[in-house]
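Enquirer: Can you read through this structure? Questions will come right after.
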Amino acid sequence: MPPVPNTDAYMVLGYVAIITITSLYILSLALRYRNVHKDIEALSE
Amino acid sequence: MSVIGVSKSQSEQELVHQTLFTNTHYRNVILRFWSLAAVFSFAISLYFALFYAGTDATMGNVQRVFYMHVSAFAGASVSFFVTLIAGGMYLWKRKQKWDTLGLAGVEVGFVLSIITLVTGSIWARPTWNAWWTWDPRLTSAAIMALTYAAYLMLRNGIESPERQRTFSAVYGILAFSTVIFTFMITRMRGDTIHPNVIGSSPVNAKGTFEMVDNMRVAFSVNMWAWCVFIAPVLVWWRIRLENLSNTAKLRRAEFLSQEN
């Protein structure tokens, strides 16, 4: 039986990509939320 | 929608009437619990993919990317399906809330499509010896992502709110054909090298594997996490952001009318 190929680096890269893309989207939502909140506060003053 | 304790004008009260998932205490609690459940389910799905499922003998550990690659595509499909339904509801009822739901579905679905494409490319490098190939499945998945990217760009180019919403609804309905096409292409074309998870793979498929019991469990946990928790929670938070943006637009318009 042939040995199992070592593809660990690609697995790590894959999971880093998943976590990075998801985190960036959540961060973008949080930043946009904060900016809109600031706008509303400024318009209310 | 109580934003920061300022009294609501009549037009703002009308906006609340048109708003999906207004911020009631009950809904806030559900959203917080659902968000926590999404984080928890992501951690659980990571554990199942990385430790519970066995190592594939022919591909090695890169095969573990498959669990989230397929689940992210399923989550994207759920989000785009939400846009399809929201588009139909908007054309029927003409309520702004359905347009908000459609937009949220497209944005979240697009992000999950990018995850699908990137992880697929990473998996393909050691398996197919290429980061990208113009295989029918890969091409259709790229067209799907670009179609929804165009939705976001074209929507912002229309000034009239009514036309913008009608265009988005029709586009969101038609764009779903790319999701169906992406799902079906490996079942219609024999020359694709992309394997199938559901049903038998095409004869030329490279990177197929037989799912044993623990792999099937890991796959189910990941599908559950992305389709039931992660994608819907992101859609809900995006709806909240859009509701808040609409309030800001309304207040800005009121402020400008007072100035004049």
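If you're wondering about the labels, chains in the structure tokens are A, B, ... by order shown, residues count from 1 in each chain, ligands from 1 in order shown.
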Would you list the contacts of segment 16-29 of chain A as a VMD selection string, taking every protein, DNA or RNA residue within 12 Å and counting only C-alpha atoms, but skipping same-chain residues closer than 5 positions in sequence?

Expert: (chain A and resid 9 to 11 34 to 36) or (chain B and resid 35 39 42 to 43 46 65 to 69 71 to 72 104 107 to 123 226 230 to 231 233 to 242 244 to 245)

Enquirer: Just checking: using only C-alpha atoms, which residue out of B:Val62, B:Ala74, B:Met89, B:Leu138 ends up closest to Pro195 of chain B?

Expert: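 Residue with the minimum atom-to-atom distance to Pro195 of chain B: B:Leu138.
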
Enquirer: As a VMD selection string, please: every residue in segment 118-201 of chain B that a backbone DSSP assignment puts in helix (DSSP H, G or I).

Expert: chain B and resid 118 to 128 136 to 156 161 to 188

Enquirer: Which value, in Å to one decimal, gives the distance between atom CA of Phe33 of chain B and atom CA of Val78 of chain B?

Expert: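 Straight-line distance from atom CA of Phe33 of chain B to atom CA of Val78 of chain B works out to 20.6 Å.
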
Enquirer: Between B:Thr178, B:Thr166, B:Asn156, B:Thr127, which residue has the minimum interatomic distance to chain A, considering only C-alpha atoms?

Expert: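 Smallest separation from chain A among the options: B:Thr127.
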
Enquirer: Extract, using only C-alpha atoms, all DNA, RNA and protein residues at most 12 Å from Gly199 of chain B, discarding same-chain residues fewer than 3 positions from it, and format them as a list in words.

Expert: Phe183, Met184, Thr186, Arg187, Pro195, Asn196, Pro202, Thr208, Glu210 and Met211 of chain B

Enquirer: State, in Å with one decimal place, the distance from atom CA of Ala86 of chain B to atom CA of Tyr151 of chain B.

Expert: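 Computing the Euclidean distance for atom CA of Ala86 of chain B and atom CA of Tyr151 of chain B yields 14.4 Å.
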
Enquirer: So the first atom is atom CA of Leu31 of chain A and the second is atom CA of Thr247 of chain B; what is the distance between them in Å, to one decimal place?

Expert: 16.9 Å
